[in-house]
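Source file run-v4.pdb; content: PDB, C-alpha atoms, pLDDT in the B column.
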```pdb
ATOM      1  CA  MET M  44     133.859 129.133 152.403  1.00 30.00           C
ATOM      2  CA  GLY M  45     137.098 128.981 154.345  1.00 38.00           C
ATOM      3  CA  ALA M  46     140.277 126.993 153.991  1.00 45.00           C
ATOM      4  CA  SER M  47     140.447 123.595 152.361  1.00 53.00           C
ATOM      5  CA  THR M  48     142.500 120.532 153.063  1.00 59.00           C
ATOM      6  CA  ARG M  49     143.646 120.177 149.473  1.00 75.00           C
ATOM      7  CA  THR M  50     146.807 118.375 148.516  1.00 85.00           C
ATOM      8  CA  PRO M  51     148.723 119.731 145.504  1.00 88.00           C
ATOM      9  CA  ALA M  52     147.209 116.962 143.340  1.00 90.00           C
ATOM     10  CA  GLN M  53     143.656 117.737 144.569  1.00 90.00           C
ATOM     11  CA  PHE M  54     144.254 121.430 143.861  1.00 92.00           C
ATOM     12  CA  ARG M  55     145.445 120.699 140.319  1.00 92.00           C
ATOM     13  CA  ASP M  56     142.466 118.387 139.668  1.00 93.00           C
ATOM     14  CA  ALA M  57     139.981 120.960 141.004  1.00 93.00           C
ATOM     15  CA  VAL M  58     141.337 123.738 138.768  1.00 95.00           C
ATOM     16  CA  ARG M  59     141.577 121.515 135.675  1.00 95.00           C
ATOM     17  CA  THR M  60     138.035 120.212 136.195  1.00 95.00           C
ATOM     18  CA  ALA M  61     136.599 123.717 136.663  1.00 96.00           C
ATOM     19  CA  PHE M  62     138.538 125.022 133.654  1.00 97.00           C
ATOM     20  CA  GLY M  63     137.347 122.121 131.494  1.00 96.00           C
ATOM     21  CA  ALA M  64     133.711 122.734 132.463  1.00 97.00           C
ATOM     22  CA  HIS M  65     134.079 126.449 131.679  1.00 97.00           C
ATOM     23  CA  TRP M  66     135.792 125.681 128.347  1.00 97.00           C
ATOM     24  CA  ILE M  67     133.055 123.252 127.264  1.00 97.00           C
ATOM     25  CA  GLY M  68     130.396 125.692 128.496  1.00 97.00           C
ATOM     26  CA  ALA M  69     131.875 128.273 126.120  1.00 97.00           C
ATOM     27  CA  GLY M  70     131.323 125.840 123.241  1.00 96.00           C
ATOM     28  CA  GLU M  71     134.989 124.957 122.821  1.00 96.00           C
ATOM     29  CA  ASP M  72     136.649 121.599 122.128  1.00 94.00           C
ATOM     30  CA  LEU M  73     138.814 120.130 124.912  1.00 94.00           C
ATOM     31  CA  GLY M  74     140.881 118.465 122.181  1.00 93.00           C
ATOM     32  CA  ILE M  75     142.857 121.675 121.590  1.00 95.00           C
ATOM     33  CA  ILE M  76     144.008 121.914 125.229  1.00 96.00           C
ATOM     34  CA  ALA M  77     147.430 120.482 126.053  1.00 95.00           C
ATOM     35  CA  TRP M  78     148.199 120.155 129.771  1.00 94.00           C
ATOM     36  CA  ASP M  79     151.704 119.735 131.198  1.00 88.00           C
ATOM     37  CA  ASN M  80     153.384 116.408 130.591  1.00 87.00           C
ATOM     38  CA  LEU M  81     150.507 114.833 128.648  1.00 88.00           C
ATOM     39  CA  SER M  82     150.893 113.570 125.083  1.00 91.00           C
ATOM     40  CA  PHE M  83     149.756 116.139 122.527  1.00 93.00           C
ATOM     41  CA  ASP M  84     150.526 116.826 118.860  1.00 92.00           C
ATOM     42  CA  PRO M  85     149.318 120.212 117.561  1.00 91.00           C
ATOM     43  CA  SER M  86     150.918 119.942 114.124  1.00 89.00           C
ATOM     44  CA  ASN M  87     147.602 119.468 112.269  1.00 92.00           C
ATOM     45  CA  LEU M  88     145.557 121.896 114.365  1.00 94.00           C
ATOM     46  CA  PRO M  89     144.719 125.466 113.338  1.00 94.00           C
ATOM     47  CA  GLU M  90     144.993 126.509 117.001  1.00 96.00           C
ATOM     48  CA  TYR M  91     145.783 125.086 120.405  1.00 96.00           C
ATOM     49  CA  VAL M  92     146.278 126.082 124.027  1.00 97.00           C
ATOM     50  CA  PHE M  93     149.156 124.843 126.149  1.00 96.00           C
ATOM     51  CA  ALA M  94     147.978 125.056 129.752  1.00 96.00           C
ATOM     52  CA  SER M  95     150.238 124.763 132.750  1.00 96.00           C
ATOM     53  CA  LEU M  96     149.521 124.725 136.458  1.00 94.00           C
ATOM     54  CA  ALA M  97     152.740 124.823 138.471  1.00 93.00           C
ATOM     55  CA  HIS M  98     153.282 125.160 142.189  1.00 91.00           C
ATOM     56  CA  ALA M  99     155.649 127.977 143.097  1.00 89.00           C
ATOM     57  CA  SER M 100     155.934 128.310 146.878  1.00 85.00           C
ATOM     58  CA  GLY M 101     154.343 127.628 150.204  1.00 83.00           C
ATOM     59  CA  ASP M 102     154.513 129.244 153.620  1.00 82.00           C
ATOM     60  CA  PHE M 103     153.326 128.364 157.075  1.00 79.00           C
ATOM     61  CA  THR M 104     150.459 130.679 157.962  1.00 77.00           C
ATOM     62  CA  SER M 105     149.960 129.368 161.467  1.00 74.00           C
ATOM     63  CA  LEU M 106     152.184 128.376 164.332  1.00 70.00           C
ATOM     64  CA  GLY M 107     150.200 125.182 164.656  1.00 63.00           C
ATOM     65  CA  THR M 108     147.775 124.509 167.416  1.00 67.00           C
ATOM     66  CA  GLY M 109     147.650 121.014 168.657  1.00 71.00           C
ATOM     67  CA  SER M 110     147.970 118.504 165.870  1.00 77.00           C
ATOM     68  CA  GLU M 111     147.958 120.587 162.653  1.00 79.00           C
ATOM     69  CA  VAL M 112     149.536 123.536 160.851  1.00 81.00           C
ATOM     70  CA  GLN M 113     148.136 125.659 158.048  1.00 82.00           C
ATOM     71  CA  VAL M 114     150.167 126.001 154.853  1.00 85.00           C
ATOM     72  CA  ARG M 115     149.390 128.599 152.170  1.00 89.00           C
ATOM     73  CA  ARG M 116     150.524 127.379 148.775  1.00 92.00           C
ATOM     74  CA  GLU M 117     150.977 129.462 145.646  1.00 94.00           C
ATOM     75  CA  ALA M 118     150.808 128.313 142.052  1.00 95.00           C
ATOM     76  CA  ILE M 119     150.948 129.808 138.589  1.00 97.00           C
ATOM     77  CA  PHE M 120     148.327 129.169 135.918  1.00 97.00           C
ATOM     78  CA  ALA M 121     149.668 129.852 132.437  1.00 97.00           C
ATOM     79  CA  ALA M 122     147.846 129.394 129.152  1.00 98.00           C
ATOM     80  CA  GLN M 123     149.804 129.856 125.944  1.00 97.00           C
ATOM     81  CA  ILE M 124     147.412 130.336 123.046  1.00 97.00           C
ATOM     82  CA  PHE M 125     148.701 129.520 119.558  1.00 97.00           C
ATOM     83  CA  VAL M 126     146.862 130.337 116.335  1.00 96.00           C
ATOM     84  CA  ARG M 127     148.342 130.037 112.851  1.00 94.00           C
ATOM     85  CA  HIS M 128     150.444 133.038 111.859  1.00 90.00           C
ATOM     86  CA  ASN M 129     148.856 135.473 109.373  1.00 90.00           C
ATOM     87  CA  THR M 130     145.276 134.542 110.338  1.00 89.00           C
ATOM     88  CA  GLY M 131     144.563 137.683 112.361  1.00 86.00           C
ATOM     89  CA  GLN M 132     144.159 138.185 116.077  1.00 91.00           C
ATOM     90  CA  SER M 133     140.416 137.731 116.473  1.00 94.00           C
ATOM     91  CA  ARG M 134     140.510 133.986 117.233  1.00 95.00           C
ATOM     92  CA  ALA M 135     143.404 134.425 119.694  1.00 96.00           C
ATOM     93  CA  ASP M 136     141.435 137.252 121.329  1.00 96.00           C
ATOM     94  CA  ASP M 137     138.327 135.052 121.571  1.00 97.00           C
ATOM     95  CA  ILE M 138     140.266 132.240 123.239  1.00 97.00           C
ATOM     96  CA  ALA M 139     142.023 134.668 125.595  1.00 98.00           C
ATOM     97  CA  GLU M 140     138.655 136.134 126.591  1.00 98.00           C
ATOM     98  CA  ILE M 141     137.309 132.677 127.494  1.00 98.00           C
ATOM     99  CA  ILE M 142     140.351 132.015 129.673  1.00 98.00           C
ATOM    100  CA  LEU M 143     140.244 135.485 131.256  1.00 98.00           C
ATOM    101  CA  ASN M 144     136.553 135.014 131.999  1.00 97.00           C
ATOM    102  CA  PHE M 145     137.342 131.736 133.772  1.00 97.00           C
ATOM    103  CA  LEU M 146     140.165 133.248 135.831  1.00 97.00           C
ATOM    104  CA  GLU M 147     138.183 136.374 136.740  1.00 96.00           C
ATOM    105  CA  SER M 148     134.938 134.611 137.622  1.00 95.00           C
ATOM    106  CA  ALA M 149     135.887 131.129 138.866  1.00 91.00           C
ATOM    107  CA  ARG M 150     134.658 130.237 142.324  1.00 91.00           C
ATOM    108  CA  ILE M 151     136.464 127.134 143.522  1.00 91.00           C
ATOM    109  CA  THR M 152     136.175 126.636 147.265  1.00 87.00           C
ATOM    110  CA  GLY M 153     139.408 127.544 149.006  1.00 86.00           C
ATOM    111  CA  ILE M 154     141.260 128.751 145.875  1.00 92.00           C
ATOM    112  CA  ARG M 155     141.992 132.422 145.193  1.00 93.00           C
ATOM    113  CA  PHE M 156     142.913 133.817 141.772  1.00 95.00           C
ATOM    114  CA  ARG M 157     144.937 137.048 141.555  1.00 95.00           C
ATOM    115  CA  ASP M 158     147.341 139.007 139.334  1.00 96.00           C
ATOM    116  CA  ILE M 159     145.510 137.980 136.160  1.00 97.00           C
ATOM    117  CA  GLY M 160     147.059 139.192 132.923  1.00 96.00           C
ATOM    118  CA  VAL M 161     147.233 138.775 129.181  1.00 97.00           C
ATOM    119  CA  THR M 162     150.259 139.350 126.932  1.00 96.00           C
ATOM    120  CA  GLU M 163     150.472 139.253 123.153  1.00 94.00           C
ATOM    121  CA  ALA M 164     153.797 137.534 122.638  1.00 93.00           C
ATOM    122  CA  GLY M 165     153.742 137.703 118.825  1.00 92.00           C
ATOM    123  CA  ARG M 166     155.054 135.316 116.227  1.00 91.00           C
ATOM    124  CA  VAL M 167     156.667 132.035 117.238  1.00 88.00           C
ATOM    125  CA  GLN M 168     157.607 130.048 114.110  1.00 90.00           C
ATOM    126  CA  GLN M 169     154.321 129.408 112.244  1.00 91.00           C
ATOM    127  CA  TRP M 170     152.184 130.512 115.227  1.00 94.00           C
ATOM    128  CA  PHE M 171     150.929 133.755 116.710  1.00 95.00           C
ATOM    129  CA  GLN M 172     151.078 133.482 120.504  1.00 96.00           C
ATOM    130  CA  VAL M 173     149.039 135.119 123.275  1.00 97.00           C
ATOM    131  CA  ASN M 174     149.670 134.282 126.938  1.00 98.00           C
ATOM    132  CA  VAL M 175     147.140 134.438 129.771  1.00 98.00           C
ATOM    133  CA  ASN M 176     148.370 133.915 133.313  1.00 97.00           C
ATOM    134  CA  ALA M 177     147.363 134.210 136.926  1.00 97.00           C
ATOM    135  CA  GLN M 178     148.681 133.561 140.380  1.00 97.00           C
ATOM    136  CA  LEU M 179     146.612 131.195 142.504  1.00 95.00           C
ATOM    137  CA  GLU M 180     146.769 130.395 146.177  1.00 93.00           C
ATOM    138  CA  TYR M 181     145.074 127.954 148.475  1.00 92.00           C
ATOM    139  CA  ASP M 182     145.367 126.781 152.050  1.00 86.00           C
ATOM    140  CA  SER M 183     145.976 123.270 153.268  1.00 84.00           C
ATOM    141  CA  TYR M 184     146.296 121.769 156.701  1.00 78.00           C
ATOM    142  CA  ARG M 185     148.988 119.303 157.669  1.00 76.00           C
ATOM    143  CA  SER M 186     148.994 117.048 160.659  1.00 76.00           C
ATOM    144  CA  VAL M 187     152.084 117.351 162.823  1.00 72.00           C
TER     145      VAL M 187
END
```

Structure encoded using structure tokens:
Amino acid sequence: MGASTRTPAQFRDAVRTAFGAHWIGAGEDLGIIAWDNLSFDPSNLPEYVFASLAHASGDFTSLGTGSEVQVRREAIFAAQIFVRHNTGQSRADDIAEIILNFLESARITGIRFRDIGVTEAGRVQQWFQVNVNAQLEYDSYRSV
């Protein structure tokens, strides 16, 4: 389907909802996901994922015809996976694969995923960290 009329908040909700459904469908617990600016304490967890969805830029993609203009917005999806240090990489790899599968197969009307990558960041205090990220873009229309 073509362009959407999503606001930044609608975009964020659509991605979070689709990600949550994919995560649960993979048999995982939503309780280990920490989204931006929401209360979360991982201190007693063996693993957790800090997920962030941040807008980066936006450009006019039309000159505007009549009463509206088209705006293409870009955002960054970042998932930082933390598993306890010295427990091996297999669980971090499993979690990364679930997230990669979501990013590489998600079909959310009007949202495009691109530049998908994974990086093993290594030890951070008592955690082993793996990052999965992607660039996302979507179109919105604004009345003028």

- Might you pull out every residue within 12 Å of Gly70 in chain M, with all atoms listed in the file counted and same-chain residues fewer than 4 positions away left off, and present them as a ChimeraX atom specification? /M:63-66,137-138,141

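Reported to one decimal place, the separation of CA of Asn80 in chain M from CA of Arg166 in chain M is 23.8 Å.
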
- Query: So which residues get picked by the PyMOL selection byres ((chain M and resi 143) around 12) here, written as an NGL selection string?
  - Reply: :M and (62 or 65-66 or 120-122 or 136-142 or 144-149 or 156-162 or 173-177)

- Evaluate the PyMOL selection byres ((chain M and resi 83-98) around 7) and record the selected residues as an MDAnalysis selection string, following the chain and residue labels used in the document. chainID M and resid 55 75:79 81:82 99:100 117:127

- For Gln53 in chain M, work out the shell of residues within 12 Å, counting all atoms listed in the file and skipping chain neighbours fewer than 3 positions away, then give it as a PyMOL selection string. chain M and resi 47-50+56-60+151-154+181-183

Would you compute an axis-aligned box for range 144-157 of chain M, covering every atom listed for it in the file with 4 Å of margin on each side, and report centre and edge lengths in Å to one decimal as JSON?
```
{"center_x": 139.8, "center_y": 131.8, "center_z": 140.5, "size_x": 18.3, "size_y": 18.4, "size_z": 25.0}
```

- Would you kindly translate the PyMOL selection byres ((chain M and resi 105) around 12) into the concrete residues it picks from this file, as a ChimeraX atom specification? /M:102-104,106-115,182-185

Selected residues, C-alpha atoms, written as a CSV table (one decimal), in the frame of the given file, please.
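result.csv was written with the following content:
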```
chain,number,residue,atom,x,y,z
M,102,ASP,CA,154.5,129.2,153.6
M,103,PHE,CA,153.3,128.4,157.1
M,104,THR,CA,150.5,130.7,158.0
M,106,LEU,CA,152.2,128.4,164.3
M,107,GLY,CA,150.2,125.2,164.7
M,108,THR,CA,147.8,124.5,167.4
M,109,GLY,CA,147.6,121.0,168.7
M,110,SER,CA,148.0,118.5,165.9
M,111,GLU,CA,148.0,120.6,162.7
M,112,VAL,CA,149.5,123.5,160.9
M,113,GLN,CA,148.1,125.7,158.0
M,114,VAL,CA,150.2,126.0,154.9
M,115,ARG,CA,149.4,128.6,152.2
M,182,ASP,CA,145.4,126.8,152.0
M,183,SER,CA,146.0,123.3,153.3
M,184,TYR,CA,146.3,121.8,156.7
M,185,ARG,CA,149.0,119.3,157.7
```

- Message: Using all atoms listed in the file for the distances, tell me which of M:Gln168, M:Ala135, M:Glu180, M:Val187 is nearest to Pro51 in chain M.
- Response: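 Between M:Gln168, M:Ala135, M:Glu180, M:Val187, the residue approaching Pro51 in chain M most closely is M:Glu180.
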
- Query: Distance CA of Gln178 in chain M-CA of Arg150 in chain M, one decimal place?
  - Reply: 14.5 Å
